[in-house]
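Structure file upload.pdb (PDB, C-alpha atoms and all ligand atoms) is printed below.
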```pdb
ATOM      1  CA  MET A 254     -91.021  31.657 -76.459  1.00  0.00           C
ATOM      2  CA  THR A 255     -87.272  32.148 -76.706  1.00  0.00           C
ATOM      3  CA  ALA A 256     -84.870  31.403 -73.867  1.00  0.00           C
ATOM      4  CA  THR A 257     -84.686  35.169 -73.239  1.00  0.00           C
ATOM      5  CA  THR A 258     -88.417  35.696 -72.917  1.00  0.00           C
ATOM      6  CA  ASP A 259     -88.609  32.544 -70.769  1.00  0.00           C
ATOM      7  CA  LEU A 260     -86.166  34.081 -68.316  1.00  0.00           C
ATOM      8  CA  TYR A 261     -87.976  37.414 -68.172  1.00  0.00           C
ATOM      9  CA  ASP A 262     -91.258  35.556 -67.731  1.00  0.00           C
ATOM     10  CA  VAL A 263     -89.860  33.601 -64.749  1.00  0.00           C
ATOM     11  CA  ILE A 264     -88.504  36.818 -63.213  1.00  0.00           C
ATOM     12  CA  ALA A 265     -91.913  38.466 -63.597  1.00  0.00           C
ATOM     13  CA  ARG A 266     -93.848  35.461 -62.224  1.00  0.00           C
ATOM     14  CA  ARG A 267     -91.573  34.883 -59.207  1.00  0.00           C
ATOM     15  CA  ARG A 268     -93.461  35.610 -56.018  1.00  0.00           C
ATOM     16  CA  ASP A 269     -92.822  35.344 -52.298  1.00  0.00           C
ATOM     17  CA  VAL A 270     -95.280  32.614 -51.299  1.00  0.00           C
ATOM     18  CA  ARG A 271     -96.921  32.226 -47.893  1.00  0.00           C
ATOM     19  CA  ALA A 272    -100.519  31.025 -48.311  1.00  0.00           C
ATOM     20  CA  GLU A 273    -100.546  29.048 -51.565  1.00  0.00           C
ATOM     21  CA  PHE A 274     -98.551  25.943 -50.547  1.00  0.00           C
ATOM     22  CA  THR A 275    -100.320  22.591 -51.009  1.00  0.00           C
ATOM     23  CA  GLY A 276     -97.797  20.457 -49.091  1.00  0.00           C
ATOM     24  CA  ALA A 277     -97.534  17.809 -51.843  1.00  0.00           C
ATOM     25  CA  PRO A 278     -94.073  16.240 -52.150  1.00  0.00           C
ATOM     26  CA  VAL A 279     -91.489  17.585 -54.591  1.00  0.00           C
ATOM     27  CA  PRO A 280     -89.798  14.873 -56.706  1.00  0.00           C
ATOM     28  CA  ASP A 281     -86.109  14.387 -55.830  1.00  0.00           C
ATOM     29  CA  ASP A 282     -84.923  15.197 -59.358  1.00  0.00           C
ATOM     30  CA  VAL A 283     -86.779  18.511 -59.303  1.00  0.00           C
ATOM     31  CA  LEU A 284     -85.277  19.443 -55.923  1.00  0.00           C
ATOM     32  CA  HIS A 285     -81.852  18.466 -57.240  1.00  0.00           C
ATOM     33  CA  ARG A 286     -82.212  20.761 -60.279  1.00  0.00           C
ATOM     34  CA  VAL A 287     -83.285  23.671 -58.068  1.00  0.00           C
ATOM     35  CA  LEU A 288     -80.365  23.196 -55.665  1.00  0.00           C
ATOM     36  CA  ASP A 289     -77.985  22.749 -58.604  1.00  0.00           C
ATOM     37  CA  ALA A 290     -79.154  26.103 -59.982  1.00  0.00           C
ATOM     38  CA  ALA A 291     -78.445  27.690 -56.584  1.00  0.00           C
ATOM     39  CA  HIS A 292     -75.017  26.058 -56.504  1.00  0.00           C
ATOM     40  CA  ARG A 293     -74.153  27.599 -59.906  1.00  0.00           C
ATOM     41  CA  ALA A 294     -74.355  31.134 -58.516  1.00  0.00           C
ATOM     42  CA  PRO A 295     -71.405  33.478 -58.915  1.00  0.00           C
ATOM     43  CA  SER A 296     -69.311  33.916 -55.772  1.00  0.00           C
ATOM     44  CA  VAL A 297     -66.525  36.249 -54.768  1.00  0.00           C
ATOM     45  CA  GLY A 298     -63.156  34.570 -55.373  1.00  0.00           C
ATOM     46  CA  MET A 299     -65.081  31.360 -56.207  1.00  0.00           C
ATOM     47  CA  SER A 300     -65.562  30.999 -52.456  1.00  0.00           C
ATOM     48  CA  GLN A 301     -69.000  29.280 -52.768  1.00  0.00           C
ATOM     49  CA  PRO A 302     -69.826  30.154 -49.157  1.00  0.00           C
ATOM     50  CA  TRP A 303     -73.309  28.608 -49.138  1.00  0.00           C
ATOM     51  CA  ASP A 304     -74.759  25.315 -47.854  1.00  0.00           C
ATOM     52  CA  PHE A 305     -78.330  24.053 -47.981  1.00  0.00           C
ATOM     53  CA  VAL A 306     -80.035  22.265 -45.078  1.00  0.00           C
ATOM     54  CA  VAL A 307     -83.191  20.562 -46.364  1.00  0.00           C
ATOM     55  CA  VAL A 308     -85.654  20.325 -43.477  1.00  0.00           C
ATOM     56  CA  ARG A 309     -88.594  17.954 -43.768  1.00  0.00           C
ATOM     57  CA  ASP A 310     -88.939  16.834 -40.140  1.00  0.00           C
ATOM     58  CA  PRO A 311     -92.374  18.014 -38.886  1.00  0.00           C
ATOM     59  CA  ASP A 312     -91.225  18.524 -35.257  1.00  0.00           C
ATOM     60  CA  THR A 313     -88.325  20.722 -36.350  1.00  0.00           C
ATOM     61  CA  ARG A 314     -90.622  22.750 -38.570  1.00  0.00           C
ATOM     62  CA  ARG A 315     -93.188  23.179 -35.804  1.00  0.00           C
ATOM     63  CA  ALA A 316     -90.489  24.360 -33.403  1.00  0.00           C
ATOM     64  CA  PHE A 317     -89.278  26.918 -35.944  1.00  0.00           C
ATOM     65  CA  ARG A 318     -92.842  28.039 -36.712  1.00  0.00           C
ATOM     66  CA  ASP A 319     -93.455  28.705 -32.998  1.00  0.00           C
ATOM     67  CA  HIS A 320     -90.258  30.753 -32.776  1.00  0.00           C
ATOM     68  CA  VAL A 321     -91.277  32.758 -35.859  1.00  0.00           C
ATOM     69  CA  ALA A 322     -94.728  33.374 -34.350  1.00  0.00           C
ATOM     70  CA  HIS A 323     -93.038  34.848 -31.283  1.00  0.00           C
ATOM     71  CA  GLU A 324     -90.839  37.108 -33.439  1.00  0.00           C
ATOM     72  CA  ARG A 325     -93.876  38.151 -35.434  1.00  0.00           C
ATOM     73  CA  ASP A 326     -95.546  39.242 -32.179  1.00  0.00           C
ATOM     74  CA  THR A 327     -92.402  41.155 -31.204  1.00  0.00           C
ATOM     75  CA  PHE A 328     -92.465  43.067 -34.497  1.00  0.00           C
ATOM     76  CA  SER A 329     -96.218  43.646 -34.291  1.00  0.00           C
ATOM     77  CA  ALA A 330     -95.847  45.140 -30.805  1.00  0.00           C
ATOM     78  CA  SER A 331     -93.304  47.639 -32.166  1.00  0.00           C
ATOM     79  CA  LEU A 332     -95.774  49.102 -34.663  1.00  0.00           C
ATOM     80  CA  PRO A 333     -98.084  52.106 -34.306  1.00  0.00           C
ATOM     81  CA  PRO A 334    -101.772  50.965 -34.137  1.00  0.00           C
ATOM     82  CA  GLU A 335    -102.663  51.725 -37.752  1.00  0.00           C
ATOM     83  CA  ARG A 336     -99.668  49.830 -39.157  1.00  0.00           C
ATOM     84  CA  ARG A 337    -100.269  47.003 -36.677  1.00  0.00           C
ATOM     85  CA  SER A 338    -103.803  46.406 -37.937  1.00  0.00           C
ATOM     86  CA  THR A 339    -102.506  46.243 -41.535  1.00  0.00           C
ATOM     87  CA  PHE A 340     -99.636  43.926 -40.504  1.00  0.00           C
ATOM     88  CA  ASP A 341    -101.915  41.631 -38.537  1.00  0.00           C
ATOM     89  CA  ARG A 342    -103.700  40.671 -41.776  1.00  0.00           C
ATOM     90  CA  ILE A 343    -100.444  39.612 -43.465  1.00  0.00           C
ATOM     91  CA  LYS A 344     -99.192  36.012 -43.343  1.00  0.00           C
ATOM     92  CA  VAL A 345     -95.395  35.965 -43.048  1.00  0.00           C
ATOM     93  CA  GLU A 346     -94.566  32.271 -43.413  1.00  0.00           C
ATOM     94  CA  GLY A 347     -95.673  28.876 -44.710  1.00  0.00           C
ATOM     95  CA  ILE A 348     -93.225  26.780 -42.693  1.00  0.00           C
ATOM     96  CA  CYS A 349     -95.469  23.793 -41.967  1.00  0.00           C
ATOM     97  CA  GLU A 350     -97.698  24.101 -45.054  1.00  0.00           C
ATOM     98  CA  SER A 351     -94.834  24.006 -47.578  1.00  0.00           C
ATOM     99  CA  SER A 352     -93.284  20.767 -48.830  1.00  0.00           C
ATOM    100  CA  MET A 353     -89.985  21.470 -47.022  1.00  0.00           C
ATOM    101  CA  GLY A 354     -87.727  24.115 -45.584  1.00  0.00           C
ATOM    102  CA  VAL A 355     -84.386  24.903 -47.202  1.00  0.00           C
ATOM    103  CA  VAL A 356     -82.114  26.759 -44.826  1.00  0.00           C
ATOM    104  CA  VAL A 357     -79.347  28.536 -46.708  1.00  0.00           C
ATOM    105  CA  THR A 358     -76.223  29.168 -44.654  1.00  0.00           C
ATOM    106  CA  HIS A 359     -73.211  31.412 -45.137  1.00  0.00           C
ATOM    107  CA  SER A 360     -69.648  30.437 -44.184  1.00  0.00           C
ATOM    108  CA  GLN A 361     -67.509  33.560 -44.182  1.00  0.00           C
ATOM    109  CA  GLY A 362     -64.441  31.415 -43.492  1.00  0.00           C
ATOM    110  CA  ARG A 363     -64.768  29.329 -46.647  1.00  0.00           C
ATOM    111  CA  GLY A 364     -62.021  30.045 -49.154  1.00  0.00           C
ATOM    112  CA  GLY A 365     -59.483  30.861 -46.450  1.00  0.00           C
ATOM    113  CA  GLN A 366     -57.893  34.215 -45.629  1.00  0.00           C
ATOM    114  CA  HIS A 367     -57.144  35.364 -49.149  1.00  0.00           C
ATOM    115  CA  VAL A 368     -60.465  35.393 -50.936  1.00  0.00           C
ATOM    116  CA  LEU A 369     -59.891  37.106 -54.273  1.00  0.00           C
ATOM    117  CA  GLY A 370     -62.067  40.241 -54.423  1.00  0.00           C
ATOM    118  CA  ARG A 371     -63.116  40.326 -50.769  1.00  0.00           C
ATOM    119  CA  HIS A 372     -60.212  42.162 -49.141  1.00  0.00           C
ATOM    120  CA  ALA A 373     -61.965  45.557 -49.209  1.00  0.00           C
ATOM    121  CA  ILE A 374     -65.613  44.503 -48.909  1.00  0.00           C
ATOM    122  CA  ALA A 375     -66.192  41.726 -46.395  1.00  0.00           C
ATOM    123  CA  ASP A 376     -69.898  41.638 -47.297  1.00  0.00           C
ATOM    124  CA  ALA A 377     -69.017  40.409 -50.810  1.00  0.00           C
ATOM    125  CA  GLY A 378     -69.084  36.917 -49.264  1.00  0.00           C
ATOM    126  CA  LEU A 379     -72.640  37.395 -48.028  1.00  0.00           C
ATOM    127  CA  TYR A 380     -73.677  38.870 -51.385  1.00  0.00           C
ATOM    128  CA  SER A 381     -72.560  35.579 -52.972  1.00  0.00           C
ATOM    129  CA  THR A 382     -74.775  33.490 -50.705  1.00  0.00           C
ATOM    130  CA  VAL A 383     -77.721  35.763 -51.453  1.00  0.00           C
ATOM    131  CA  LEU A 384     -77.159  35.275 -55.186  1.00  0.00           C
ATOM    132  CA  ALA A 385     -77.428  31.512 -54.628  1.00  0.00           C
ATOM    133  CA  ILE A 386     -80.783  32.164 -52.976  1.00  0.00           C
ATOM    134  CA  GLN A 387     -81.975  34.212 -55.943  1.00  0.00           C
ATOM    135  CA  ASN A 388     -80.934  31.427 -58.355  1.00  0.00           C
ATOM    136  CA  LEU A 389     -82.807  28.953 -56.161  1.00  0.00           C
ATOM    137  CA  TRP A 390     -85.901  31.182 -56.144  1.00  0.00           C
ATOM    138  CA  LEU A 391     -85.968  31.634 -59.928  1.00  0.00           C
ATOM    139  CA  ALA A 392     -85.303  27.936 -60.591  1.00  0.00           C
ATOM    140  CA  ALA A 393     -88.148  27.009 -58.213  1.00  0.00           C
ATOM    141  CA  THR A 394     -90.442  29.376 -60.121  1.00  0.00           C
ATOM    142  CA  ALA A 395     -89.367  27.859 -63.457  1.00  0.00           C
ATOM    143  CA  GLU A 396     -90.218  24.404 -62.035  1.00  0.00           C
ATOM    144  CA  GLY A 397     -93.721  25.601 -61.090  1.00  0.00           C
ATOM    145  CA  LEU A 398     -92.894  25.574 -57.356  1.00  0.00           C
ATOM    146  CA  GLY A 399     -93.372  28.343 -54.811  1.00  0.00           C
ATOM    147  CA  LEU A 400     -90.834  29.765 -52.387  1.00  0.00           C
ATOM    148  CA  GLY A 401     -91.178  32.059 -49.393  1.00  0.00           C
ATOM    149  CA  TRP A 402     -88.250  33.664 -47.566  1.00  0.00           C
ATOM    150  CA  VAL A 403     -88.648  33.755 -43.770  1.00  0.00           C
ATOM    151  CA  SER A 404     -86.468  36.169 -41.789  1.00  0.00           C
ATOM    152  CA  PHE A 405     -88.529  36.496 -38.602  1.00  0.00           C
ATOM    153  CA  TYR A 406     -86.009  34.576 -36.477  1.00  0.00           C
ATOM    154  CA  ARG A 407     -82.952  34.969 -34.293  1.00  0.00           C
ATOM    155  CA  GLU A 408     -79.877  33.358 -35.792  1.00  0.00           C
ATOM    156  CA  PRO A 409     -78.738  31.594 -32.558  1.00  0.00           C
ATOM    157  CA  PHE A 410     -82.146  29.881 -32.290  1.00  0.00           C
ATOM    158  CA  LEU A 411     -81.884  28.428 -35.794  1.00  0.00           C
ATOM    159  CA  GLN A 412     -78.223  27.477 -35.304  1.00  0.00           C
ATOM    160  CA  GLU A 413     -79.163  25.528 -32.194  1.00  0.00           C
ATOM    161  CA  LEU A 414     -82.244  23.930 -33.796  1.00  0.00           C
ATOM    162  CA  LEU A 415     -80.308  22.598 -36.805  1.00  0.00           C
ATOM    163  CA  GLY A 416     -76.887  22.066 -35.243  1.00  0.00           C
ATOM    164  CA  ILE A 417     -75.295  24.780 -37.370  1.00  0.00           C
ATOM    165  CA  PRO A 418     -71.764  25.701 -36.171  1.00  0.00           C
ATOM    166  CA  GLN A 419     -71.191  29.068 -34.443  1.00  0.00           C
ATOM    167  CA  ASP A 420     -69.201  30.506 -37.347  1.00  0.00           C
ATOM    168  CA  VAL A 421     -71.832  29.619 -39.949  1.00  0.00           C
ATOM    169  CA  ARG A 422     -74.763  32.027 -40.375  1.00  0.00           C
ATOM    170  CA  PRO A 423     -78.256  30.820 -41.282  1.00  0.00           C
ATOM    171  CA  VAL A 424     -79.135  33.481 -43.857  1.00  0.00           C
ATOM    172  CA  ALA A 425     -82.630  32.330 -44.792  1.00  0.00           C
ATOM    173  CA  TRP A 426     -85.290  29.759 -44.074  1.00  0.00           C
ATOM    174  CA  LEU A 427     -86.898  29.190 -47.461  1.00  0.00           C
ATOM    175  CA  CYS A 428     -90.323  27.568 -47.511  1.00  0.00           C
ATOM    176  CA  LEU A 429     -90.276  25.549 -50.726  1.00  0.00           C
ATOM    177  CA  GLY A 430     -92.933  23.451 -52.346  1.00  0.00           C
ATOM    178  CA  THR A 431     -95.841  22.789 -54.583  1.00  0.00           C
ATOM    179  CA  VAL A 432     -98.430  25.547 -54.832  1.00  0.00           C
ATOM    180  CA  SER A 433    -102.000  25.999 -56.003  1.00  0.00           C
ATOM    181  CA  HIS A 434    -100.966  29.125 -57.939  1.00  0.00           C
ATOM    182  CA  LEU A 435     -98.700  32.153 -57.746  1.00  0.00           C
ATOM    183  CA  GLU A 436    -100.356  35.490 -57.036  1.00  0.00           C
ATOM    184  CA  ALA A 437     -99.832  38.154 -59.722  1.00  0.00           C
ATOM    185  CA  VAL A 438     -99.346  40.959 -57.175  1.00  0.00           C
ATOM    186  CA  PRO A 439     -97.001  40.780 -54.140  1.00  0.00           C
ATOM    187  CA  ASP A 440     -98.805  40.080 -50.850  1.00  0.00           C
ATOM    188  CA  LEU A 441     -97.518  43.264 -49.218  1.00  0.00           C
ATOM    189  CA  GLU A 442     -98.939  45.319 -52.067  1.00  0.00           C
ATOM    190  CA  ARG A 443    -102.276  43.475 -52.016  1.00  0.00           C
ATOM    191  CA  HIS A 444    -102.581  44.098 -48.271  1.00  0.00           C
ATOM    192  CA  GLY A 445    -101.690  47.784 -48.516  1.00  0.00           C
ATOM    193  CA  TRP A 446     -98.404  47.505 -46.591  1.00  0.00           C
ATOM    194  CA  ARG A 447     -96.025  48.822 -49.254  1.00  0.00           C
ATOM    195  CA  SER A 448     -95.875  49.100 -53.048  1.00  0.00           C
ATOM    196  CA  ARG A 449     -93.212  48.705 -55.706  1.00  0.00           C
ATOM    197  CA  ARG A 450     -91.254  51.886 -56.522  1.00  0.00           C
ATOM    198  CA  PRO A 451     -91.352  53.031 -60.126  1.00  0.00           C
ATOM    199  CA  LEU A 452     -88.194  51.941 -61.946  1.00  0.00           C
ATOM    200  CA  ALA A 453     -87.530  55.547 -62.977  1.00  0.00           C
ATOM    201  CA  ASP A 454     -87.086  56.480 -59.288  1.00  0.00           C
ATOM    202  CA  ALA A 455     -84.341  53.877 -58.923  1.00  0.00           C
ATOM    203  CA  ILE A 456     -82.262  54.889 -61.931  1.00  0.00           C
ATOM    204  CA  HIS A 457     -79.654  57.631 -61.494  1.00  0.00           C
ATOM    205  CA  ALA A 458     -77.583  59.092 -64.304  1.00  0.00           C
ATOM    206  CA  ASP A 459     -73.892  59.698 -63.645  1.00  0.00           C
ATOM    207  CA  THR A 460     -74.345  60.947 -60.054  1.00  0.00           C
ATOM    208  CA  TRP A 461     -76.773  60.155 -57.234  1.00  0.00           C
ATOM    209  CA  GLN A 462     -79.108  63.156 -57.918  1.00  0.00           C
ATOM    210  CA  HIS A 463     -81.351  63.352 -54.886  1.00  0.00           C
ATOM    211  CA  LYS A 464     -84.951  62.324 -55.566  1.00  0.00           C
ATOM    212  CA  GLU A 465     -88.006  63.028 -53.411  1.00  0.00           C
ATOM    213  CA  THR A 466     -88.606  59.306 -52.898  1.00  0.00           C
ATOM    214  CA  ASP A 467     -85.043  58.389 -51.790  1.00  0.00           C
ATOM    215  CA  HIS A 468     -85.915  57.872 -48.152  1.00  0.00           C
ATOM    216  CA  ALA A 469     -89.603  56.950 -48.399  1.00  0.00           C
TER     217      ALA A 469
HETATM  218  C1  LIG A 501     -84.137  39.249 -47.330  1.00  0.00           C
HETATM  219  C2  LIG A 501     -85.628  38.984 -47.412  1.00  0.00           C
HETATM  220  C3  LIG A 501     -86.325  38.634 -46.266  1.00  0.00           C
HETATM  221  C4  LIG A 501     -87.709  38.402 -46.326  1.00  0.00           C
HETATM  222  N1  LIG A 501     -88.375  38.000 -45.206  1.00  0.00           N
HETATM  223  C5  LIG A 501     -89.691  37.698 -45.292  1.00  0.00           C
HETATM  224  C6  LIG A 501     -90.405  37.172 -44.169  1.00  0.00           C
HETATM  225  O1  LIG A 501     -89.856  36.943 -43.081  1.00  0.00           O
HETATM  226  N2  LIG A 501     -91.709  36.898 -44.303  1.00  0.00           N
HETATM  227  C7  LIG A 501     -92.367  37.109 -45.494  1.00  0.00           C
HETATM  228  O2  LIG A 501     -93.561  36.832 -45.557  1.00  0.00           O
HETATM  229  N3  LIG A 501     -91.723  37.586 -46.578  1.00  0.00           N
HETATM  230  C8  LIG A 501     -90.408  37.871 -46.506  1.00  0.00           C
HETATM  231  N4  LIG A 501     -89.752  38.324 -47.616  1.00  0.00           N
HETATM  232  C9  LIG A 501     -90.491  38.505 -48.885  1.00  0.00           C
HETATM  233  C10 LIG A 501     -90.783  39.965 -49.214  1.00  0.00           C
HETATM  234  O3  LIG A 501     -91.810  40.454 -48.387  1.00  0.00           O
HETATM  235  C11 LIG A 501     -91.194  40.036 -50.697  1.00  0.00           C
HETATM  236  O4  LIG A 501     -90.111  39.636 -51.475  1.00  0.00           O
HETATM  237  C12 LIG A 501     -91.634  41.420 -51.128  1.00  0.00           C
HETATM  238  O5  LIG A 501     -92.794  41.815 -50.442  1.00  0.00           O
HETATM  239  C13 LIG A 501     -91.904  41.491 -52.633  1.00  0.00           C
HETATM  240  O6  LIG A 501     -92.844  40.516 -52.995  1.00  0.00           O
HETATM  241  P1  LIG A 501     -92.513  39.421 -54.116  1.00  0.00           P
HETATM  242  O7  LIG A 501     -91.270  38.702 -53.657  1.00  0.00           O
HETATM  243  O8  LIG A 501     -93.708  38.538 -54.151  1.00  0.00           O
HETATM  244  O9  LIG A 501     -92.265  40.157 -55.389  1.00  0.00           O
HETATM  245  C14 LIG A 501     -88.385  38.560 -47.556  1.00  0.00           C
HETATM  246  C15 LIG A 501     -87.660  38.895 -48.726  1.00  0.00           C
HETATM  247  C16 LIG A 501     -86.296  39.100 -48.658  1.00  0.00           C
HETATM  248  C17 LIG A 501     -85.549  39.439 -49.932  1.00  0.00           C
END
```
Can you give me the file's structure in the form of structure tokens?
Amino acid sequence: MTATTDLYDVIARRRDVRAEFTGAPVPDDVLHRVLDAAHRAPSVGMSQPWDFVVVRDPDTRRAFRDHVAHERDTFSASLPPERRSTFDRIKVEGICESSMGVVVTHSQGRGGQHVLGRHAIADAGLYSTVLAIQNLWLAATAEGLGLGWVSFYREPFLQELLGIPQDVRPVAWLCLGTVSHLEAVPDLERHGWRSRRPLADAIHADTWQHKETDHA
């Protein structure tokens, strides 16, 4: 395989993992490579607004898992009965089963007042942090690890739990660790929740050109 096909292969194999974690430890050098890949992400004005909180403490993870379970119930209760029964079969986190949590934070204040390229689009800072997460996800996949993004939480809860300052946003709790395997098909597709759109529906030539599937 060439470096190019390797990259496409990793992109294709990357999966959001919930149920396949084994809990075995990840060697420090492997974790370092994965975090280094995240830290090499592009960022608006070189602001590098991300930080990584590596959470191994079982009590902290249990407390977060309980909070996520509550938020899962809140979402479930908002669904019509048919969607609820589909959702109830879907696992949405592997917080305690994974080898560790990596909480990725975003500091909008980093880089000062004059961040080059952010004057018109404040969200460009957040986009940068999300790119670090994608690098982290792909590097984890290349290392044979699994990663699952958890967003069923309230930001103030996670700030309090981890001592994150008020002006720093916890953008993601990433369950990271060794896995038995990666599924070939996304969980949400396998459970009939939602499927991937065809690429052709996402490509527009020159202008937006309304498509039937735009709002589906
Ligand atoms: C911003 C973001 C938040 C997500 N939050 C959750 C989550 O809370 N729980 C979960 O199980 N998956 C979560 N996911 C994973 C998506 O469900 C998953 O990426 C999608 O179904 C496609 O599957 P794949 O990543 O395996 O290709 C999240 C993904 C993103 C990008």
* **Selection near A:Val383, 10 Å with only C-alpha atoms, sequence-local residues under 2 positions removed, as an MDAnalysis selection string** => chainID A and resid 291 294 296 302:303 357:359 377:381 385:389 424:425
* **Output check: residues returned by the PyMOL selection byres (((chain A and resi 442-453) around 10) and not hetatm), as a PyMOL selection string** => chain A and resi 336+339-340+342-343+436-441+454-457+466+469
* Could you tell me how far atom CA of A:Asp319 lies from atom CA of A:Leu435, in Å and to one decimal? =>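 According to the coordinates, atom CA of A:Asp319 and atom CA of A:Leu435 are separated by 25.5 Å.
Here atom CA of A:Arg271 stands at a distance of 5.1 Å from atom CA of A:Glu346.
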* Just give me the gap between atom CA of A:Phe274 and atom CA of A:Thr258 in Å, one decimal is fine. =>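 Going from atom CA of A:Phe274 over to atom CA of A:Thr258 covers 26.4 Å.
Using all atoms listed in the file, the shortest contact distance between A:Asp269 and any of A:Thr394, A:Ser352, A:Ser329, A:Thr257 is found at A:Thr394.
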Determine, counting all atoms listed in the file, every residue of protein, DNA or RNA that lies within 7 Å of (-79.0, 22.7, -48.7) in the file coordinates, then give the result as a tab-separated table (two decimals) with C-alpha atoms, keeping the file's coordinate frame.
```tsv
chain	number	residue	atom	x	y	z
A	304	ASP	CA	-74.76	25.32	-47.85
A	305	PHE	CA	-78.33	24.05	-47.98
A	306	VAL	CA	-80.04	22.26	-45.08
A	307	VAL	CA	-83.19	20.56	-46.36
A	355	VAL	CA	-84.39	24.90	-47.20
A	356	VAL	CA	-82.11	26.76	-44.83
A	357	VAL	CA	-79.35	28.54	-46.71
```
Calculate, to one decimal in Å, the centre and edge lengths of the box along x, y and z of the file that holds all listed atoms of ligand LIG 501 (chain A) with 5 Å of margin on each side, and present them as AutoDock Vina command-line options.
```
--center_x -88.9 --center_y 39.3 --center_z -49.2 --size_x 19.6 --size_y 15.0 --size_z 22.3
```
Could you complete stretch 313-330 of chain A so that it carries N, CA and C atoms, and give it back as an mmCIF file, in the frame of the given file?
```
data_model
loop_
_atom_site.group_PDB
_atom_site.id
_atom_site.type_symbol
_atom_site.label_atom_id
_atom_site.label_comp_id
_atom_site.auth_asym_id
_atom_site.auth_seq_id
_atom_site.Cartn_x
_atom_site.Cartn_y
_atom_site.Cartn_z
ATOM 1 N N THR A 313 -89.260 19.606 -36.177
ATOM 2 C CA THR A 313 -88.325 20.722 -36.350
ATOM 3 C C THR A 313 -89.062 21.917 -36.946
ATOM 4 N N ARG A 314 -89.898 21.647 -37.919
ATOM 5 C CA ARG A 314 -90.622 22.750 -38.570
ATOM 6 C C ARG A 314 -91.605 23.412 -37.609
ATOM 7 N N ARG A 315 -92.253 22.596 -36.789
ATOM 8 C CA ARG A 315 -93.188 23.179 -35.804
ATOM 9 C C ARG A 315 -92.437 24.053 -34.807
ATOM 10 N N ALA A 316 -91.282 23.574 -34.371
ATOM 11 C CA ALA A 316 -90.489 24.360 -33.403
ATOM 12 C C ALA A 316 -90.070 25.690 -34.020
ATOM 13 N N PHE A 317 -89.688 25.675 -35.285
ATOM 14 C CA PHE A 317 -89.278 26.918 -35.944
ATOM 15 C C PHE A 317 -90.502 27.829 -36.131
ATOM 16 N N ARG A 318 -91.627 27.239 -36.526
ATOM 17 C CA ARG A 318 -92.842 28.039 -36.712
ATOM 18 C C ARG A 318 -93.222 28.761 -35.414
ATOM 19 N N ASP A 319 -93.108 28.077 -34.281
ATOM 20 C CA ASP A 319 -93.455 28.705 -32.998
ATOM 21 C C ASP A 319 -92.509 29.868 -32.689
ATOM 22 N N HIS A 320 -91.231 29.672 -32.988
ATOM 23 C CA HIS A 320 -90.258 30.753 -32.776
ATOM 24 C C HIS A 320 -90.595 31.954 -33.665
ATOM 25 N N VAL A 321 -90.940 31.683 -34.919
ATOM 26 C CA VAL A 321 -91.277 32.758 -35.859
ATOM 27 C C VAL A 321 -92.542 33.495 -35.387
ATOM 28 N N ALA A 322 -93.494 32.743 -34.854
ATOM 29 C CA ALA A 322 -94.728 33.374 -34.350
ATOM 30 C C ALA A 322 -94.397 34.360 -33.230
ATOM 31 N N HIS A 323 -93.463 33.973 -32.377
ATOM 32 C CA HIS A 323 -93.038 34.848 -31.283
ATOM 33 C C HIS A 323 -92.379 36.122 -31.837
ATOM 34 N N GLU A 324 -91.513 35.949 -32.846
ATOM 35 C CA GLU A 324 -90.839 37.108 -33.439
ATOM 36 C C GLU A 324 -91.829 37.993 -34.197
ATOM 37 N N ARG A 325 -92.829 37.375 -34.767
ATOM 38 C CA ARG A 325 -93.876 38.151 -35.434
ATOM 39 C C ARG A 325 -94.585 39.041 -34.412
ATOM 40 N N ASP A 326 -94.894 38.463 -33.244
ATOM 41 C CA ASP A 326 -95.546 39.242 -32.179
ATOM 42 C C ASP A 326 -94.647 40.394 -31.727
ATOM 43 N N THR A 327 -93.345 40.114 -31.624
ATOM 44 C CA THR A 327 -92.402 41.155 -31.204
ATOM 45 C C THR A 327 -92.436 42.325 -32.189
ATOM 46 N N PHE A 328 -92.422 42.005 -33.485
ATOM 47 C CA PHE A 328 -92.465 43.067 -34.497
ATOM 48 C C PHE A 328 -93.794 43.802 -34.445
ATOM 49 N N SER A 329 -94.880 43.041 -34.332
ATOM 50 C CA SER A 329 -96.218 43.646 -34.291
ATOM 51 C C SER A 329 -96.323 44.656 -33.145
ATOM 52 N N ALA A 330 -95.772 44.268 -31.995
ATOM 53 C CA ALA A 330 -95.847 45.140 -30.805
ATOM 54 C C ALA A 330 -95.050 46.428 -30.995
#
```
